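Below is one structure, written out as structure tokens, with a few remarks after it.
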Amino acid sequence: MTIIKRSFHRHVDFDKVRKFLIDTYQITNTFHNWIPSMFENSWRGPCGPPYKDAEDEYVKIWEEEKTGIVAVTISKPCGEFRIFIHPEFRNFEETLVEALETQFKEMKKNDTKTKMYFIVEAGDTLRERLLENCGYENKGVCEHNRILPHDYNVPQYTLPEDYTIRHVDIEKDFENYRAVQGSVFSHCGEFMTLEAAKIYSEADFYHSERDIVVVAPDGSFAAFATGRMDPISKLAEVEPVGVHPNHRRKGLGKAIVLECIRRLQKHGAIAIVILGAASTEEATRLYDSLGFSRTNVHVWVKEV
């Protein structure tokens with residue numbers, strides 16, 4: 001069996017990687033790999049510097065003649081590594097870890113000290129043992145993976161007086177849109193531009209009816225949530241979610257997530273997740289109260 005590594009080019013390879021992610025989900029019925037919307041958001045996301053074609057080089061595709069894609073790896077300049085792998089090829093993971101380290105060290109060859117890290121869902125004992133043997137240390141919980149029950153019935157919710165929920169018109173609402181997201185995620189306030197938001201709205205996972213906000217009595221945006229759903233697999237995520245600091249403790253987070261779930265269900269979502277949900281006390285309390293399951297996700301770090 002020969003496995004070949006090659007470069008990723010998003011304009012021609014996204015559909016192939018999407019199929020790989022869908023196929024591995026259908027085989028395992030787990031979310032150890034990303035779902036397609038998470039992968040597409042790597043270059044469509046509106047809250048980072050403009051994506052450059054050279055960043056495709058961070059991603060590598062690993063193929064075997066009979067199976068096709070057996071793994072996809074990502075090595076980011078910050079030191080974050082990701083491995084998405086076909087379940088029948090997990091004995092190949094050590095080679096992938098070594099390749100990621102080599103790729104990263106080449107990117108950072110002029111740095112005297114760097115950190116490399118993996119984000120690993122608790123219970124993935126094969127990867128945990130491998131990383132420990134490769135010199136990585138478990139630094140503890142960094143986030144949670146959340147999955148909504150398939151038979152979830154959206155309960156009724158109420159909003160405070162004179163607050164309303166509606167979907168966004170990115171061009172008309174841009175300043176309010178950036179302001180509310182920037183109030184929760186500082187990088188959105190710094191990097192989001194109208195051009196970036198328009199690119200986001202052109203993503204396969206995006207639908208304007210699922211990009212929603214709570215409007216405060218003064219017309220500003222008090223909370224936000226987006227239901228991203230891959231149109232092929234119908235795998236969906238509620239991401240991002242946030243409430244403006246001036247409007248917290250009013251039940252807005254619960255209301256907007258419930259409305260986002262309702263709209264995803266209306267559009268045919270077969271699974272609704274929040275992979276990489278914040279592990280803060282507030283986020284934990286919110287998602288627990290809504291009925292999402294909770295699995296710890298750990299960060300494994302190695303210094304070089």
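Letters A, B, ... go to the chains of the structure tokens in the order shown; residues in each chain start at 1; ligands are counted from 1 in the same order.
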Alpha helix (DSSP H) positions in range 62-250 of chain A, given as a PDB file with N, CA and C atoms, in the first residue's frame:
ATOM      1  N   GLU A  93      -1.046   7.230  11.511  1.00  0.00           N
ATOM      2  CA  GLU A  93      -1.017   8.533  12.171  1.00  0.00           C
ATOM      3  C   GLU A  93       0.368   8.966  12.622  1.00  0.00           C
ATOM      4  N   GLU A  94       1.196   8.038  13.034  1.00  0.00           N
ATOM      5  CA  GLU A  94       2.532   8.430  13.482  1.00  0.00           C
ATOM      6  C   GLU A  94       3.306   9.094  12.353  1.00  0.00           C
ATOM      7  N   THR A  95       3.161   8.568  11.151  1.00  0.00           N
ATOM      8  CA  THR A  95       3.799   9.193   9.985  1.00  0.00           C
ATOM      9  C   THR A  95       3.274  10.599   9.768  1.00  0.00           C
ATOM     10  N   LEU A  96       1.976  10.797   9.988  1.00  0.00           N
ATOM     11  CA  LEU A  96       1.387  12.126   9.806  1.00  0.00           C
ATOM     12  C   LEU A  96       1.904  13.109  10.848  1.00  0.00           C
ATOM     13  N   VAL A  97       2.038  12.665  12.098  1.00  0.00           N
ATOM     14  CA  VAL A  97       2.580  13.537  13.140  1.00  0.00           C
ATOM     15  C   VAL A  97       3.999  13.961  12.773  1.00  0.00           C
ATOM     16  N   GLU A  98       4.808  13.018  12.353  1.00  0.00           N
ATOM     17  CA  GLU A  98       6.184  13.335  11.968  1.00  0.00           C
ATOM     18  C   GLU A  98       6.215  14.312  10.798  1.00  0.00           C
ATOM     19  N   ALA A  99       5.326  14.119   9.821  1.00  0.00           N
ATOM     20  CA  ALA A  99       5.292  15.008   8.657  1.00  0.00           C
ATOM     21  C   ALA A  99       4.867  16.417   9.049  1.00  0.00           C
ATOM     22  N   LEU A 100       3.906  16.530   9.961  1.00  0.00           N
ATOM     23  CA  LEU A 100       3.468  17.848  10.427  1.00  0.00           C
ATOM     24  C   LEU A 100       4.595  18.572  11.156  1.00  0.00           C
ATOM     25  N   GLU A 101       5.322  17.853  11.986  1.00  0.00           N
ATOM     26  CA  GLU A 101       6.437  18.473  12.709  1.00  0.00           C
ATOM     27  C   GLU A 101       7.515  18.954  11.737  1.00  0.00           C
ATOM     28  N   THR A 102       7.818  18.151  10.744  1.00  0.00           N
ATOM     29  CA  THR A 102       8.820  18.535   9.749  1.00  0.00           C
ATOM     30  C   THR A 102       8.363  19.766   8.972  1.00  0.00           C
ATOM     31  N   GLN A 103       7.095  19.772   8.576  1.00  0.00           N
ATOM     32  CA  GLN A 103       6.535  20.906   7.844  1.00  0.00           C
ATOM     33  C   GLN A 103       6.604  22.181   8.678  1.00  0.00           C
ATOM     34  N   PHE A 104       6.248  22.068   9.958  1.00  0.00           N
ATOM     35  CA  PHE A 104       6.239  23.236  10.830  1.00  0.00           C
ATOM     36  C   PHE A 104       7.648  23.754  11.083  1.00  0.00           C
ATOM     37  N   LYS A 105       8.592  22.860  11.351  1.00  0.00           N
ATOM     38  CA  LYS A 105       9.963  23.281  11.614  1.00  0.00           C
ATOM     39  C   LYS A 105      10.569  23.973  10.401  1.00  0.00           C
ATOM     40  N   GLU A 106      10.169  23.565   9.224  1.00  0.00           N
ATOM     41  CA  GLU A 106      10.658  24.242   8.024  1.00  0.00           C
ATOM     42  C   GLU A 106      10.079  25.663   7.949  1.00  0.00           C
ATOM     43  N   MET A 107       8.807  25.812   8.333  1.00  0.00           N
ATOM     44  CA  MET A 107       8.194  27.139   8.336  1.00  0.00           C
ATOM     45  C   MET A 107       8.855  28.043   9.366  1.00  0.00           C
ATOM     46  N   THR A 125      -8.258   7.504  22.489  1.00  0.00           N
ATOM     47  CA  THR A 125      -7.099   6.926  23.164  1.00  0.00           C
ATOM     48  C   THR A 125      -5.945   6.633  22.211  1.00  0.00           C
ATOM     49  N   LEU A 126      -6.259   6.304  20.970  1.00  0.00           N
ATOM     50  CA  LEU A 126      -5.188   6.014  20.020  1.00  0.00           C
ATOM     51  C   LEU A 126      -4.323   7.250  19.813  1.00  0.00           C
ATOM     52  N   ARG A 127      -4.970   8.399  19.576  1.00  0.00           N
ATOM     53  CA  ARG A 127      -4.181   9.619  19.357  1.00  0.00           C
ATOM     54  C   ARG A 127      -3.523  10.087  20.643  1.00  0.00           C
ATOM     55  N   GLU A 128      -4.197   9.931  21.766  1.00  0.00           N
ATOM     56  CA  GLU A 128      -3.605  10.344  23.037  1.00  0.00           C
ATOM     57  C   GLU A 128      -2.315   9.567  23.314  1.00  0.00           C
ATOM     58  N   ARG A 129      -2.354   8.247  23.120  1.00  0.00           N
ATOM     59  CA  ARG A 129      -1.154   7.429  23.347  1.00  0.00           C
ATOM     60  C   ARG A 129      -0.044   7.809  22.373  1.00  0.00           C
ATOM     61  N   LEU A 130      -0.419   8.037  21.116  1.00  0.00           N
ATOM     62  CA  LEU A 130       0.566   8.394  20.098  1.00  0.00           C
ATOM     63  C   LEU A 130       1.259   9.709  20.459  1.00  0.00           C
ATOM     64  N   LEU A 131       0.480  10.713  20.827  1.00  0.00           N
ATOM     65  CA  LEU A 131       1.066  12.015  21.136  1.00  0.00           C
ATOM     66  C   LEU A 131       1.953  11.938  22.377  1.00  0.00           C
ATOM     67  N   GLU A 132       1.528  11.171  23.367  1.00  0.00           N
ATOM     68  CA  GLU A 132       2.352  11.002  24.558  1.00  0.00           C
ATOM     69  C   GLU A 132       3.691  10.363  24.198  1.00  0.00           C
ATOM     70  N   ASN A 133       3.646   9.345  23.332  1.00  0.00           N
ATOM     71  CA  ASN A 133       4.875   8.675  22.902  1.00  0.00           C
ATOM     72  C   ASN A 133       5.764   9.593  22.069  1.00  0.00           C
ATOM     73  N   ILE A 170     -26.144  41.615   5.258  1.00  0.00           N
ATOM     74  CA  ILE A 170     -24.766  41.963   5.591  1.00  0.00           C
ATOM     75  C   ILE A 170     -24.378  43.344   5.074  1.00  0.00           C
ATOM     76  N   GLU A 171     -24.780  43.678   3.869  1.00  0.00           N
ATOM     77  CA  GLU A 171     -24.360  44.968   3.319  1.00  0.00           C
ATOM     78  C   GLU A 171     -25.023  46.131   4.060  1.00  0.00           C
ATOM     79  N   LYS A 172     -26.318  46.047   4.279  1.00  0.00           N
ATOM     80  CA  LYS A 172     -27.027  47.140   4.949  1.00  0.00           C
ATOM     81  C   LYS A 172     -26.710  47.197   6.441  1.00  0.00           C
ATOM     82  N   ASP A 173     -26.480  46.043   7.043  1.00  0.00           N
ATOM     83  CA  ASP A 173     -26.306  45.967   8.494  1.00  0.00           C
ATOM     84  C   ASP A 173     -24.847  45.888   8.920  1.00  0.00           C
ATOM     85  N   PHE A 174     -23.925  46.124   7.997  1.00  0.00           N
ATOM     86  CA  PHE A 174     -22.531  45.766   8.263  1.00  0.00           C
ATOM     87  C   PHE A 174     -21.976  46.401   9.531  1.00  0.00           C
ATOM     88  N   GLU A 175     -22.159  47.679   9.750  1.00  0.00           N
ATOM     89  CA  GLU A 175     -21.551  48.328  10.905  1.00  0.00           C
ATOM     90  C   GLU A 175     -22.062  47.736  12.217  1.00  0.00           C
ATOM     91  N   ASN A 176     -23.366  47.512  12.314  1.00  0.00           N
ATOM     92  CA  ASN A 176     -23.917  46.870  13.513  1.00  0.00           C
ATOM     93  C   ASN A 176     -23.433  45.423  13.640  1.00  0.00           C
ATOM     94  N   TYR A 177     -23.339  44.749  12.506  1.00  0.00           N
ATOM     95  CA  TYR A 177     -22.900  43.346  12.456  1.00  0.00           C
ATOM     96  C   TYR A 177     -21.475  43.228  12.997  1.00  0.00           C
ATOM     97  N   ARG A 178     -20.579  44.083  12.505  1.00  0.00           N
ATOM     98  CA  ARG A 178     -19.193  44.062  12.976  1.00  0.00           C
ATOM     99  C   ARG A 178     -19.107  44.469  14.443  1.00  0.00           C
ATOM    100  N   ALA A 179     -19.896  45.447  14.834  1.00  0.00           N
ATOM    101  CA  ALA A 179     -19.826  45.946  16.211  1.00  0.00           C
ATOM    102  C   ALA A 179     -20.208  44.879  17.221  1.00  0.00           C
ATOM    103  N   VAL A 180     -21.293  44.145  16.971  1.00  0.00           N
ATOM    104  CA  VAL A 180     -21.731  43.160  17.954  1.00  0.00           C
ATOM    105  C   VAL A 180     -20.774  41.971  17.994  1.00  0.00           C
ATOM    106  N   GLN A 181     -20.277  41.545  16.846  1.00  0.00           N
ATOM    107  CA  GLN A 181     -19.313  40.441  16.877  1.00  0.00           C
ATOM    108  C   GLN A 181     -17.989  40.883  17.490  1.00  0.00           C
ATOM    109  N   GLY A 182     -17.583  42.118  17.212  1.00  0.00           N
ATOM    110  CA  GLY A 182     -16.356  42.631  17.798  1.00  0.00           C
ATOM    111  C   GLY A 182     -16.437  42.820  19.298  1.00  0.00           C
ATOM    112  N   SER A 183     -17.664  42.989  19.823  1.00  0.00           N
ATOM    113  CA  SER A 183     -17.823  43.144  21.267  1.00  0.00           C
ATOM    114  C   SER A 183     -17.548  41.841  22.012  1.00  0.00           C
ATOM    115  N   VAL A 184     -17.637  40.717  21.307  1.00  0.00           N
ATOM    116  CA  VAL A 184     -17.392  39.400  21.902  1.00  0.00           C
ATOM    117  C   VAL A 184     -16.044  38.842  21.451  1.00  0.00           C
ATOM    118  N   SER A 186     -12.654  40.063  19.776  1.00  0.00           N
ATOM    119  CA  SER A 186     -11.932  41.295  19.430  1.00  0.00           C
ATOM    120  C   SER A 186     -11.357  41.255  18.017  1.00  0.00           C
ATOM    121  N   HIS A 187     -10.978  40.047  17.542  1.00  0.00           N
ATOM    122  CA  HIS A 187     -10.400  39.967  16.205  1.00  0.00           C
ATOM    123  C   HIS A 187     -11.423  40.294  15.122  1.00  0.00           C
ATOM    124  N   CYS A 188     -12.716  40.109  15.425  1.00  0.00           N
ATOM    125  CA  CYS A 188     -13.739  40.491  14.451  1.00  0.00           C
ATOM    126  C   CYS A 188     -13.816  42.009  14.323  1.00  0.00           C
ATOM    127  N   GLY A 189     -13.749  42.697  15.447  1.00  0.00           N
ATOM    128  CA  GLY A 189     -13.742  44.144  15.384  1.00  0.00           C
ATOM    129  C   GLY A 189     -12.518  44.680  14.669  1.00  0.00           C
ATOM    130  N   GLU A 190     -11.400  43.953  14.760  1.00  0.00           N
ATOM    131  CA  GLU A 190     -10.151  44.411  14.150  1.00  0.00           C
ATOM    132  C   GLU A 190     -10.072  44.097  12.667  1.00  0.00           C
ATOM    133  N   PHE A 191     -10.478  42.865  12.278  1.00  0.00           N
ATOM    134  CA  PHE A 191     -10.206  42.407  10.922  1.00  0.00           C
ATOM    135  C   PHE A 191     -11.419  42.382   9.989  1.00  0.00           C
ATOM    136  N   LEU A 194     -16.187  44.850   5.074  1.00  0.00           N
ATOM    137  CA  LEU A 194     -17.367  44.535   4.280  1.00  0.00           C
ATOM    138  C   LEU A 194     -17.031  43.515   3.201  1.00  0.00           C
ATOM    139  N   GLU A 195     -15.855  43.639   2.605  1.00  0.00           N
ATOM    140  CA  GLU A 195     -15.444  42.679   1.578  1.00  0.00           C
ATOM    141  C   GLU A 195     -15.334  41.273   2.160  1.00  0.00           C
ATOM    142  N   ALA A 196     -14.725  41.165   3.356  1.00  0.00           N
ATOM    143  CA  ALA A 196     -14.592  39.853   3.992  1.00  0.00           C
ATOM    144  C   ALA A 196     -15.954  39.273   4.342  1.00  0.00           C
ATOM    145  N   ALA A 197     -16.871  40.116   4.821  1.00  0.00           N
ATOM    146  CA  ALA A 197     -18.211  39.644   5.165  1.00  0.00           C
ATOM    147  C   ALA A 197     -18.961  39.175   3.922  1.00  0.00           C
ATOM    148  N   LYS A 198     -18.748  39.833   2.801  1.00  0.00           N
ATOM    149  CA  LYS A 198     -19.389  39.400   1.551  1.00  0.00           C
ATOM    150  C   LYS A 198     -18.831  38.055   1.095  1.00  0.00           C
ATOM    151  N   ILE A 199     -17.514  37.862   1.235  1.00  0.00           N
ATOM    152  CA  ILE A 199     -16.914  36.566   0.898  1.00  0.00           C
ATOM    153  C   ILE A 199     -17.521  35.468   1.775  1.00  0.00           C
ATOM    154  N   TYR A 200     -17.686  35.768   3.050  1.00  0.00           N
ATOM    155  CA  TYR A 200     -18.320  34.833   3.987  1.00  0.00           C
ATOM    156  C   TYR A 200     -19.719  34.463   3.508  1.00  0.00           C
ATOM    157  N   SER A 201     -20.478  35.457   3.047  1.00  0.00           N
ATOM    158  CA  SER A 201     -21.859  35.209   2.625  1.00  0.00           C
ATOM    159  C   SER A 201     -21.940  34.403   1.338  1.00  0.00           C
TER     160      SER A 201
END
Requested in this report: From a DSSP pass on the backbone, collect the residues of range 2-214 of chain A flagged as strand (DSSP E or B) and hand them back as a PyMOL selection string.
Outcome: chain A and resi 3-7+59-64+68-75+80-85+115-121+137-147+164-167+211-214
Store the residues picked out above in a file with C-alpha atoms, as an mmCIF file, in the first residue's frame.
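The resulting file, out01.cif, is reproduced below:
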data_model
loop_
_atom_site.group_PDB
_atom_site.id
_atom_site.type_symbol
_atom_site.label_atom_id
_atom_site.label_comp_id
_atom_site.auth_asym_id
_atom_site.auth_seq_id
_atom_site.Cartn_x
_atom_site.Cartn_y
_atom_site.Cartn_z
ATOM 1 C CA ILE A 3 0.172 6.626 0.336
ATOM 2 C CA ILE A 4 1.164 9.806 -1.477
ATOM 3 C CA LYS A 5 1.207 13.315 -0.009
ATOM 4 C CA ARG A 6 0.296 16.247 -2.225
ATOM 5 C CA SER A 7 -0.526 19.924 -1.941
ATOM 6 C CA VAL A 59 -2.976 21.844 4.094
ATOM 7 C CA LYS A 60 -1.769 18.508 2.729
ATOM 8 C CA ILE A 61 -3.812 15.707 1.173
ATOM 9 C CA TRP A 62 -2.754 12.091 1.642
ATOM 10 C CA GLU A 63 -4.074 9.650 -0.974
ATOM 11 C CA GLU A 64 -4.008 5.927 -1.611
ATOM 12 C CA GLY A 68 -8.576 8.011 -2.594
ATOM 13 C CA ILE A 69 -8.097 10.524 0.224
ATOM 14 C CA VAL A 70 -7.150 8.752 3.450
ATOM 15 C CA ALA A 71 -6.111 11.819 5.470
ATOM 16 C CA VAL A 72 -5.945 15.600 5.443
ATOM 17 C CA THR A 73 -3.432 17.452 7.614
ATOM 18 C CA ILE A 74 -3.074 21.105 8.563
ATOM 19 C CA SER A 75 0.035 22.788 9.962
ATOM 20 C CA GLU A 80 -1.587 24.232 15.647
ATOM 21 C CA PHE A 81 -1.771 20.825 13.953
ATOM 22 C CA ARG A 82 -4.850 18.979 12.728
ATOM 23 C CA ILE A 83 -5.217 15.431 11.443
ATOM 24 C CA PHE A 84 -8.424 14.270 9.762
ATOM 25 C CA ILE A 85 -8.140 10.582 8.945
ATOM 26 C CA LYS A 115 5.432 25.253 20.442
ATOM 27 C CA MET A 116 3.467 22.664 18.509
ATOM 28 C CA TYR A 117 0.045 21.499 19.618
ATOM 29 C CA PHE A 118 -2.899 19.253 18.756
ATOM 30 C CA ILE A 119 -6.542 19.707 19.775
ATOM 31 C CA VAL A 120 -7.851 16.240 20.749
ATOM 32 C CA GLU A 121 -11.288 15.109 21.869
ATOM 33 C CA GLU A 137 1.966 16.780 27.110
ATOM 34 C CA ASN A 138 -1.735 17.007 27.885
ATOM 35 C CA LYS A 139 -2.279 20.566 29.160
ATOM 36 C CA GLY A 140 -5.942 20.029 29.999
ATOM 37 C CA VAL A 141 -9.346 21.123 28.737
ATOM 38 C CA CYS A 142 -9.344 23.980 26.224
ATOM 39 C CA GLU A 143 -12.878 23.688 24.825
ATOM 40 C CA HIS A 144 -15.883 21.384 24.505
ATOM 41 C CA ASN A 145 -17.509 19.517 21.654
ATOM 42 C CA ARG A 146 -21.292 19.819 21.776
ATOM 43 C CA ILE A 147 -23.838 17.648 19.942
ATOM 44 C CA THR A 164 -36.643 41.193 18.320
ATOM 45 C CA ILE A 165 -34.865 38.527 16.276
ATOM 46 C CA ARG A 166 -34.324 38.812 12.547
ATOM 47 C CA HIS A 167 -31.865 37.719 9.887
ATOM 48 C CA ASP A 211 -27.438 34.439 10.026
ATOM 49 C CA ILE A 212 -29.490 36.045 12.775
ATOM 50 C CA VAL A 213 -29.288 38.786 15.372
ATOM 51 C CA VAL A 214 -31.229 40.090 18.330
#
Report summary line: Counting only C-alpha atoms, the residue among A:Tyr25, A:Trp34, A:Phe92, A:Phe8 that lies closest to Ala54 in chain A is A:Phe8
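CA of Glu209 in chain A lies 22.9 Å from CA of Leu286 in chain A.
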Interface rows for range 67-184 of chain A against range 250-268 of chain A: nearest pair, Å to one decimal, 9 Å, only C-alpha atoms, as a tab-separated table:
residue	atom	partner	partner_atom	distance
A:Asn153	CA	A:Arg262	CA	8.7
A:Val154	CA	A:Arg262	CA	6.3
A:Pro155	CA	A:Leu258	CA	7.6
A:Gln156	CA	A:Leu258	CA	8.3
A:Tyr157	CA	A:Ala255	CA	5.7
A:Thr158	CA	A:Ala255	CA	6.9
A:Leu159	CA	A:Leu252	CA	6.9
A:Pro160	CA	A:Lys250	CA	7.0
A:Ile165	CA	A:Ile256	CA	7.4
For those residues, write N, CA and C atoms to a file as an mmCIF file, in the first residue's frame.
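Here's the written file result02.cif:
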data_model
loop_
_atom_site.group_PDB
_atom_site.id
_atom_site.type_symbol
_atom_site.label_atom_id
_atom_site.label_comp_id
_atom_site.auth_asym_id
_atom_site.auth_seq_id
_atom_site.Cartn_x
_atom_site.Cartn_y
_atom_site.Cartn_z
ATOM 1 N N ASN A 153 -36.612 18.761 20.217
ATOM 2 C CA ASN A 153 -37.752 19.636 19.948
ATOM 3 C C ASN A 153 -37.448 21.014 20.520
ATOM 4 N N VAL A 154 -37.458 22.025 19.667
ATOM 5 C CA VAL A 154 -37.107 23.373 20.103
ATOM 6 C C VAL A 154 -38.201 23.920 21.007
ATOM 7 N N PRO A 155 -37.874 24.240 22.260
ATOM 8 C CA PRO A 155 -38.889 24.796 23.157
ATOM 9 C C PRO A 155 -39.193 26.256 22.812
ATOM 10 N N GLN A 156 -40.275 26.751 23.355
ATOM 11 C CA GLN A 156 -40.619 28.160 23.182
ATOM 12 C C GLN A 156 -39.622 29.022 23.962
ATOM 13 N N TYR A 157 -39.384 30.194 23.447
ATOM 14 C CA TYR A 157 -38.536 31.143 24.157
ATOM 15 C C TYR A 157 -39.219 32.505 24.143
ATOM 16 N N THR A 158 -38.811 33.354 25.052
ATOM 17 C CA THR A 158 -39.342 34.715 25.097
ATOM 18 C C THR A 158 -38.185 35.701 25.101
ATOM 19 N N LEU A 159 -38.433 36.858 24.529
ATOM 20 C CA LEU A 159 -37.451 37.933 24.510
ATOM 21 C C LEU A 159 -37.895 39.053 25.442
ATOM 22 N N PRO A 160 -36.956 39.823 25.968
ATOM 23 C CA PRO A 160 -37.352 40.992 26.752
ATOM 24 C C PRO A 160 -38.175 41.962 25.887
ATOM 25 N N ILE A 165 -35.843 39.320 17.021
ATOM 26 C CA ILE A 165 -34.865 38.527 16.276
ATOM 27 C C ILE A 165 -35.183 38.625 14.796
#
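Considering the residues A:His11, A:His207, A:His247, A:Arg18 and counting only C-alpha atoms, Ser233 in chain A has its shortest atom-to-atom contact with A:Arg18.
Interatomic distance, CA of Ile35 in chain A against CA of Gly242 in chain A: 21.3 Å.
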Requested in this report: May I have the residues within 8 Å of Leu148 in chain A as an NGL selection string, using only C-alpha atoms and disregarding those fewer than 2 positions away in the same chain?
Outcome: :A and (146 or 150 or 152 or 271-273 or 291-293)
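A straight line drawn from CA of Asp13 in chain A to CA of Pro240 in chain A is 25.5 Å long.
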Report task. Excluding Thr114 in chain A and any residue of its chain fewer than 3 positions from it, enumerate the residues within 10 Å of it, using only C-alpha atoms, and give them as number ranges by chain. Result -> A: 78-79, 104-105, 108-109, 111, 302-304
Could you dump the residues just selected with N, CA and C atoms as an mmCIF file, in the first residue's frame?
data_model
loop_
_atom_site.group_PDB
_atom_site.id
_atom_site.type_symbol
_atom_site.label_atom_id
_atom_site.label_comp_id
_atom_site.auth_asym_id
_atom_site.auth_seq_id
_atom_site.Cartn_x
_atom_site.Cartn_y
_atom_site.Cartn_z
ATOM 1 N N CYS A 78 1.057 29.214 13.656
ATOM 2 C CA CYS A 78 0.962 29.374 15.108
ATOM 3 C C CYS A 78 1.362 28.106 15.850
ATOM 4 N N GLY A 79 1.536 26.987 15.126
ATOM 5 C CA GLY A 79 1.916 25.726 15.750
ATOM 6 C C GLY A 79 0.771 24.749 15.924
ATOM 7 N N PHE A 104 6.248 22.068 9.958
ATOM 8 C CA PHE A 104 6.239 23.236 10.830
ATOM 9 C C PHE A 104 7.648 23.754 11.083
ATOM 10 N N LYS A 105 8.592 22.860 11.351
ATOM 11 C CA LYS A 105 9.963 23.281 11.614
ATOM 12 C C LYS A 105 10.569 23.973 10.401
ATOM 13 N N LYS A 108 9.282 27.473 10.492
ATOM 14 C CA LYS A 108 9.795 28.267 11.618
ATOM 15 C C LYS A 108 11.294 28.055 11.808
ATOM 16 N N LYS A 109 12.013 27.789 10.743
ATOM 17 C CA LYS A 109 13.417 27.395 10.868
ATOM 18 C C LYS A 109 14.302 28.487 11.461
ATOM 19 N N ASP A 111 13.314 30.422 13.996
ATOM 20 C CA ASP A 111 12.914 30.644 15.384
ATOM 21 C C ASP A 111 13.691 29.716 16.313
ATOM 22 N N LYS A 302 3.844 20.384 22.661
ATOM 23 C CA LYS A 302 5.258 19.969 22.631
ATOM 24 C C LYS A 302 6.103 21.181 22.293
ATOM 25 N N GLU A 303 7.144 21.419 23.097
ATOM 26 C CA GLU A 303 8.045 22.545 22.851
ATOM 27 C C GLU A 303 9.287 22.049 22.129
ATOM 28 N N VAL A 304 9.734 22.861 21.172
ATOM 29 C CA VAL A 304 10.961 22.529 20.422
ATOM 30 C C VAL A 304 11.872 23.745 20.396
#
Report summary line: Across A:Ser220, A:Thr30, A:Thr112, A:Thr193, the smallest distance to Asp162 in chain A, with only C-alpha atoms counted, is shown by A:Ser220
